[in-house]
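> Quick one, start.txt (compact mmCIF, C-alpha atoms):
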# COMPACT_ATOMS: atom_id res chain seq x y z
CA MET O 1 0.00 0.00 0.00
CA THR O 2 1.59 3.27 -1.09
CA SER O 3 2.00 5.95 1.56
CA ASP O 4 0.62 8.58 -0.84
CA LEU O 5 -2.66 6.70 -1.26
CA VAL O 6 -2.98 6.17 2.48
CA LEU O 7 -2.42 9.87 3.14
CA GLN O 8 -4.91 10.87 0.44
CA LEU O 9 -7.56 8.49 1.74
CA ARG O 10 -7.02 9.56 5.33
CA ALA O 11 -7.41 13.20 4.32
CA ALA O 12 -10.55 12.44 2.28
CA LEU O 13 -12.12 10.54 5.18
CA SER O 14 -11.43 13.43 7.54
CA ARG O 15 -13.40 15.85 5.36
CA PRO O 16 -17.20 15.94 5.01
CA LEU O 17 -18.24 12.63 3.43
CA PRO O 18 -20.51 12.06 0.42
CA GLY O 19 -22.87 10.35 2.87
CA LEU O 20 -26.46 9.54 2.07
CA ASP O 21 -26.38 10.90 -1.48
CA ALA O 22 -23.70 8.36 -2.41
CA GLN O 23 -25.27 5.52 -0.40
CA LEU O 24 -28.65 5.93 -2.08
CA ARG O 25 -27.12 5.24 -5.49
CA MET O 26 -27.19 1.56 -4.48
CA ALA O 27 -30.31 1.54 -2.30
CA PRO O 28 -33.41 -0.49 -3.24
CA ASN O 29 -36.28 1.69 -4.46
CA PRO O 30 -38.88 2.19 -3.12
CA ARG O 31 -37.54 1.85 0.42
CA LEU O 32 -40.47 0.15 2.13
CA GLY O 33 -40.75 0.96 5.85
CA TRP O 34 -37.28 2.47 5.97
CA ASP O 35 -36.23 6.08 6.26
CA PRO O 36 -32.43 6.28 5.78
CA GLU O 37 -32.36 9.74 7.35
CA LYS O 38 -33.80 8.57 10.69
CA PHE O 39 -32.03 6.23 13.09
CA PRO O 40 -34.27 4.57 15.70
CA ALA O 41 -33.55 5.44 19.29
CA GLY O 42 -31.65 2.80 21.23
CA ALA O 43 -30.52 0.86 18.16
CA GLN O 44 -27.50 -1.41 18.66
CA SER O 45 -24.23 -0.28 17.10
CA GLY O 46 -22.43 -2.56 14.67
CA ALA O 47 -19.05 -2.20 13.02
CA ALA O 48 -17.64 -3.49 9.75
CA LEU O 49 -14.15 -3.39 8.29
CA LEU O 50 -13.60 -2.26 4.72
CA LEU O 51 -10.02 -3.47 4.31
CA ILE O 52 -7.86 -2.45 1.36
CA TYR O 53 -4.79 -4.50 0.50
CA PRO O 54 -2.57 -5.09 -2.56
CA HIS O 55 -2.79 -8.39 -4.44
CA ASP O 56 -2.15 -9.43 -8.06
CA GLY O 57 -1.07 -5.92 -8.97
CA GLU O 58 -4.16 -4.10 -7.73
CA PHE O 59 -5.96 -3.11 -4.55
CA GLN O 60 -8.63 -5.47 -3.27
CA VAL O 61 -11.33 -5.65 -0.59
CA PRO O 62 -12.43 -8.87 1.16
CA LEU O 63 -16.15 -9.60 1.24
CA THR O 64 -17.85 -12.57 2.87
CA VAL O 65 -20.74 -14.77 1.79
CA ARG O 66 -22.62 -15.19 5.03
CA GLY O 67 -23.00 -18.72 6.37
CA SER O 68 -26.28 -20.61 6.60
CA GLU O 69 -26.23 -20.74 10.43
CA LEU O 70 -26.34 -16.97 10.94
CA ARG O 71 -29.54 -15.34 12.18
CA ASN O 72 -29.75 -12.52 9.61
CA HIS O 73 -28.83 -12.02 5.95
CA THR O 74 -27.97 -15.69 5.35
CA GLY O 75 -26.25 -16.21 2.00
CA GLN O 76 -25.82 -12.49 1.37
CA VAL O 77 -22.51 -10.79 0.71
CA SER O 78 -21.21 -8.47 3.40
CA LEU O 79 -18.16 -6.83 4.85
CA PRO O 80 -16.74 -8.63 7.89
CA GLY O 81 -18.43 -7.13 10.92
CA GLY O 82 -20.87 -7.45 13.77
CA ARG O 83 -22.02 -6.11 17.11
CA VAL O 84 -20.00 -3.56 19.08
CA ASP O 85 -19.53 -5.08 22.52
CA GLU O 86 -19.62 -3.13 25.78
CA GLY O 87 -16.31 -1.34 26.37
CA GLU O 88 -15.27 -1.49 22.70
CA THR O 89 -14.75 1.37 20.30
CA ILE O 90 -16.13 1.12 16.78
CA GLU O 91 -12.60 0.50 15.48
CA MET O 92 -11.88 -2.21 18.05
CA ALA O 93 -15.09 -4.03 17.13
CA ALA O 94 -14.40 -3.85 13.39
CA LEU O 95 -10.91 -5.30 13.84
CA ARG O 96 -12.13 -8.01 16.22
CA GLU O 97 -14.91 -9.09 13.89
CA ALA O 98 -12.53 -9.23 10.92
CA ALA O 99 -10.15 -11.38 12.97
CA GLU O 100 -12.96 -13.71 14.06
CA GLU O 101 -14.66 -14.00 10.67
CA ILE O 102 -11.78 -14.10 8.18
CA GLY O 103 -8.59 -14.30 10.25
CA VAL O 104 -7.21 -10.81 9.62
CA ASP O 105 -4.50 -9.90 12.14
CA PRO O 106 -5.59 -6.62 13.82
CA ALA O 107 -1.95 -5.65 14.38
CA ALA O 108 -1.38 -5.62 10.61
CA VAL O 109 -4.23 -3.18 9.90
CA GLN O 110 -3.81 0.59 9.83
CA VAL O 111 -7.17 2.23 10.48
CA ILE O 112 -7.52 5.44 8.45
CA GLY O 113 -11.09 6.55 9.08
CA ARG O 114 -14.81 5.79 8.97
CA LEU O 115 -17.57 6.05 6.42
CA THR O 116 -21.09 7.31 7.07
CA PRO O 117 -23.20 5.18 9.47
CA LEU O 118 -26.13 3.30 7.98
CA HIS O 119 -29.28 1.88 9.58
CA ILE O 120 -30.04 -1.75 8.65
CA PRO O 121 -33.75 -2.34 9.36
CA VAL O 122 -33.69 -6.16 9.15
CA SER O 123 -31.16 -6.55 11.97
CA GLY O 124 -31.90 -3.23 13.69
CA PHE O 125 -28.22 -2.27 13.75
CA ILE O 126 -26.63 1.07 13.03
CA LEU O 127 -23.65 0.00 10.93
CA HIS O 128 -20.42 1.99 11.30
CA PRO O 129 -18.03 1.15 8.43
CA VAL O 130 -14.33 1.45 9.31
CA VAL O 131 -11.72 1.80 6.56
CA GLY O 132 -8.37 0.11 7.06
CA VAL O 133 -5.33 -0.70 4.98
CA THR O 134 -2.63 -3.34 5.15
CA ASN O 135 0.63 -3.62 3.23
CA ALA O 136 0.17 -7.23 2.17
CA ARG O 137 -2.62 -9.66 1.41
CA PRO O 138 -3.79 -11.24 4.69
CA VAL O 139 -3.69 -14.98 5.18
CA PHE O 140 -7.41 -15.58 5.35
CA HIS O 141 -9.02 -18.15 7.66
CA PRO O 142 -12.83 -18.04 7.23
CA ALA O 143 -14.88 -18.91 10.31
CA GLU O 144 -16.57 -22.19 9.44
CA ARG O 145 -20.05 -21.40 10.75
CA GLU O 146 -20.17 -17.72 9.83
CA VAL O 147 -18.53 -17.49 6.42
CA ALA O 148 -19.45 -19.68 3.46
CA ARG O 149 -16.65 -18.20 1.38
CA ILE O 150 -14.47 -15.11 0.95
CA ILE O 151 -14.62 -12.94 -2.16
CA GLU O 152 -11.57 -10.87 -3.00
CA ALA O 153 -13.04 -7.93 -4.90
CA PRO O 154 -10.72 -5.64 -6.89
CA VAL O 155 -11.38 -2.02 -5.94
CA ALA O 156 -11.23 -0.97 -9.60
CA ARG O 157 -13.97 -3.46 -10.44
CA LEU O 158 -16.17 -2.40 -7.53
CA CYS O 159 -15.92 1.20 -8.69
CA ASP O 160 -16.58 0.38 -12.36
CA PRO O 161 -20.14 1.49 -13.25
CA GLY O 162 -20.26 -1.43 -15.66
CA VAL O 163 -20.57 -3.98 -12.85
CA VAL O 164 -23.68 -2.33 -11.43
CA MET O 165 -26.77 -4.30 -12.43
CA ARG O 166 -30.43 -4.00 -11.49
CA GLU O 167 -33.28 -6.43 -11.00
CA GLY O 168 -36.91 -6.25 -9.95
CA ARG O 169 -38.01 -8.08 -6.80
CA LEU O 170 -41.57 -8.46 -5.56
CA ARG O 171 -42.37 -7.51 -1.98
CA GLU O 172 -45.77 -7.56 -0.33
CA THR O 173 -47.01 -4.58 1.66
CA ASP O 174 -50.53 -4.21 3.02
CA GLY O 175 -51.45 -7.35 1.09
CA GLU O 176 -50.39 -5.84 -2.23
CA PRO O 177 -47.34 -6.92 -4.26
CA ILE O 178 -44.91 -4.13 -5.07
CA GLU O 179 -41.96 -4.42 -7.40
CA ILE O 180 -38.75 -3.03 -5.96
CA ASP O 181 -35.84 -1.96 -8.12
CA VAL O 182 -32.70 -3.47 -6.56
CA PRO O 183 -29.26 -2.33 -7.76
CA PHE O 184 -26.36 -4.68 -7.12
CA TYR O 185 -22.71 -5.22 -7.91
CA ASP O 186 -22.07 -8.33 -9.99
CA ILE O 187 -18.86 -9.63 -8.38
CA ASP O 188 -17.43 -13.13 -8.71
CA GLY O 189 -20.80 -14.67 -9.42
CA GLU O 190 -22.46 -13.02 -6.42
CA LYS O 191 -24.94 -10.16 -6.11
CA VAL O 192 -23.65 -7.53 -3.68
CA TRP O 193 -26.65 -5.44 -2.69
CA GLY O 194 -28.34 -3.72 0.25
CA ALA O 195 -26.28 -2.14 3.01
CA THR O 196 -22.98 -3.56 1.75
CA ALA O 197 -23.52 -2.09 -1.70
CA MET O 198 -24.47 1.25 -0.16
CA VAL O 199 -21.26 1.33 1.90
CA LEU O 200 -19.19 0.47 -1.17
CA ALA O 201 -20.95 3.18 -3.18
CA GLU O 202 -19.84 5.84 -0.71
CA PHE O 203 -16.31 4.43 -0.65
CA CYS O 204 -16.11 4.60 -4.46
CA ALA O 205 -17.43 8.15 -4.42
CA ILE O 206 -14.59 9.09 -2.06
CA LEU O 207 -11.99 7.29 -4.20
CA SER O 208 -13.15 9.12 -7.30
CA ALA O 209 -12.23 12.41 -5.64
CA VAL O 210 -8.78 11.26 -4.38
Here is a file; write its structure as structure tokens.

Amino acid sequence: MTSDLVLQLRAALSRPLPGLDAQLRMAPNPRLGWDPEKFPAGAQSGAALLLIYPHDGEFQVPLTVRGSELRNHTGQVSLPGGRVDEGETIEMAALREAAEEIGVDPAAVQVIGRLTPLHIPVSGFILHPVVGVTNARPVFHPAEREVARIIEAPVARLCDPGVVMREGRLRETDGEPIEIDVPFYDIDGEKVWGATAMVLAEFCAILSAV
């Protein structure tokens, strides 16, 4: 990881962030029963690690396909993350979860900032994405029950508008079916959508200005 890129990203993350405008580029529409501008009182904080590392001549980000034994979002693609425990900071929780889920050594990660928090209605969490960098590709060890597999997603591909696809999904509200337009990233045979896609959309918006 070049020092210039780290400095530029750190500076960009310290300035006002693109926030909701960037997140909504990858949000399902309409957003049934969900107001992204309002966080419910007393919601549990969660943390996720968006880790950037060099591999095969480009920068990459690890994503996880969630295991079948998890309570929420089974089979979906997400950043490594989870609940912030009592006494932890957001950064501590993000690093711990990445260590537990995919085996990333916290001591090897340089935290350079946070992205905009995001409410996830299904789990009730307020997700706080933490951005970190490491100088080499981690030796990954996926947690057997939590992670079905790890996707190594090139940053350049994530930020390529050509990988953004859309599909219609039917949802029922008040007994009536409604078609929702769902944008997603087509990465390594998986559909990256929802909160993870919204976090990545803001990250790409920041990168485009670096």
> As a VMD selection string, please: the residues near stretch 154-160 of chain O (cut-off 10 Å, all atoms listed in the file, same-chain neighbours under 6 positions excluded).
chain O and resid 52 to 62 185 to 187 192 197 200 to 201 203 to 205 207 to 208
> Save the residues we just selected, C-alpha atoms, as a PDB file, in the coordinates of the input?

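Saved result, out11.pdb, follows:
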ATOM      1  CA  ILE O  52      -7.860  -2.450   1.360  1.00  0.00           C
ATOM      2  CA  TYR O  53      -4.790  -4.500   0.500  1.00  0.00           C
ATOM      3  CA  PRO O  54      -2.570  -5.090  -2.560  1.00  0.00           C
ATOM      4  CA  HIS O  55      -2.790  -8.390  -4.440  1.00  0.00           C
ATOM      5  CA  ASP O  56      -2.150  -9.430  -8.060  1.00  0.00           C
ATOM      6  CA  GLY O  57      -1.070  -5.920  -8.970  1.00  0.00           C
ATOM      7  CA  GLU O  58      -4.160  -4.100  -7.730  1.00  0.00           C
ATOM      8  CA  PHE O  59      -5.960  -3.110  -4.550  1.00  0.00           C
ATOM      9  CA  GLN O  60      -8.630  -5.470  -3.270  1.00  0.00           C
ATOM     10  CA  VAL O  61     -11.330  -5.650  -0.590  1.00  0.00           C
ATOM     11  CA  PRO O  62     -12.430  -8.870   1.160  1.00  0.00           C
ATOM     12  CA  TYR O 185     -22.710  -5.220  -7.910  1.00  0.00           C
ATOM     13  CA  ASP O 186     -22.070  -8.330  -9.990  1.00  0.00           C
ATOM     14  CA  ILE O 187     -18.860  -9.630  -8.380  1.00  0.00           C
ATOM     15  CA  VAL O 192     -23.650  -7.530  -3.680  1.00  0.00           C
ATOM     16  CA  ALA O 197     -23.520  -2.090  -1.700  1.00  0.00           C
ATOM     17  CA  LEU O 200     -19.190   0.470  -1.170  1.00  0.00           C
ATOM     18  CA  ALA O 201     -20.950   3.180  -3.180  1.00  0.00           C
ATOM     19  CA  PHE O 203     -16.310   4.430  -0.650  1.00  0.00           C
ATOM     20  CA  CYS O 204     -16.110   4.600  -4.460  1.00  0.00           C
ATOM     21  CA  ALA O 205     -17.430   8.150  -4.420  1.00  0.00           C
ATOM     22  CA  LEU O 207     -11.990   7.290  -4.200  1.00  0.00           C
ATOM     23  CA  SER O 208     -13.150   9.120  -7.300  1.00  0.00           C
TER      24      SER O 208
END
> Tell me which protein, DNA and RNA residues are within 7 Å of stretch 9-14 of chain O, counting only C-alpha atoms, leaving out same-chain ones fewer than 5 positions away, and put them as a PyMOL selection string.
chain O and resi 112-114+206+210
> Between atom CA of O:Asp174 and atom CA of O:Asn29, what distance in Å does the model show, to one decimal?
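Atom CA of O:Asn29 lies at a distance of 17.1 Å from atom CA of O:Asp174.
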> Listing only residues of stretch 1-80 of chain O within 7 Å of stretch 116-128 of chain O, what is the closest atom pair and its distance in Å (to one decimal) for each, using only C-alpha atoms, sorted by chain and residue number ascending, as JSON lines?

{"residue": "O:Gly19", "atom": "CA", "partner": "O:Thr116", "partner_atom": "CA", "distance": 5.5}
{"residue": "O:Trp34", "atom": "CA", "partner": "O:Pro121", "partner_atom": "CA", "distance": 6.9}
{"residue": "O:Pro36", "atom": "CA", "partner": "O:His119", "partner_atom": "CA", "distance": 6.6}
{"residue": "O:Phe39", "atom": "CA", "partner": "O:His119", "partner_atom": "CA", "distance": 6.2}
{"residue": "O:Ala43", "atom": "CA", "partner": "O:Phe125", "partner_atom": "CA", "distance": 5.9}
{"residue": "O:Gln44", "atom": "CA", "partner": "O:Phe125", "partner_atom": "CA", "distance": 5.0}
{"residue": "O:Ser45", "atom": "CA", "partner": "O:Ile126", "partner_atom": "CA", "distance": 4.9}
{"residue": "O:Gly46", "atom": "CA", "partner": "O:Leu127", "partner_atom": "CA", "distance": 4.7}
{"residue": "O:Ala47", "atom": "CA", "partner": "O:His128", "partner_atom": "CA", "distance": 4.7}
{"residue": "O:Ala48", "atom": "CA", "partner": "O:His128", "partner_atom": "CA", "distance": 6.3}
{"residue": "O:Asn72", "atom": "CA", "partner": "O:Ser123", "partner_atom": "CA", "distance": 6.6}
> One decimal, in Å: what's the spacing between atom CA of O:Leu51 and atom CA of O:Glu190?
19.0 Å
> Quote the spacing between atom CA of O:Leu17 and atom CA of O:Asp105 in Å to one decimal place.
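Result for atom CA of O:Leu17 versus atom CA of O:Asp105: 27.8 Å, one decimal.
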> Please work out which residues fall within 10 Å of (-18.2, -0.3, 19.9), coordinates as given in the file, with all atoms listed in the file counting, and return them as JSON, numbers by chain.
{"O": [44, 45, 46, 47, 82, 83, 84, 85, 86, 87, 88, 89, 90, 91, 92, 93, 94, 128]}
> Would you pick out the contacts of O:Arg149 at 10 Å or less, using all atoms listed in the file, so that residues sharing its chain but fewer than 3 positions from it are not included, and give the list as a ChimeraX atom specification?
/O:63-67,75,77,102,141-144,146,152
> Measuring atom to atom with all atoms listed in the file, identify which of O:Ile150, O:Gln76, O:Lys38, O:Val163 is nearest to O:Ala98.
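Answer, going by the shortest atom-to-atom distance: O:Ile150.
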> Using only C-alpha atoms, what does the table of stretch 29-82 of chain O residues within 12 Å of stretch 177-182 of chain O look like, with each row giving the shortest atom pair and its distance in Å to one decimal, sorted by chain and ascending number, as CSV?

residue,atom,partner,partner_atom,distance
O:Asn29,CA,O:Asp181,CA,5.2
O:Pro30,CA,O:Ile180,CA,5.9
O:Arg31,CA,O:Ile180,CA,8.1
O:Leu32,CA,O:Ile180,CA,8.9
> Would you compute the box with edges along x, y and z of the file around stretch 115-133 of chain O, including every atom the file lists for it and 3 Å extra on each side, and give its centre and edge lengths in Å to one decimal, as AutoDock Vina command-line options?

--center_x -19.5 --center_y 0.4 --center_z 9.4 --size_x 34.4 --size_y 19.9 --size_z 14.8
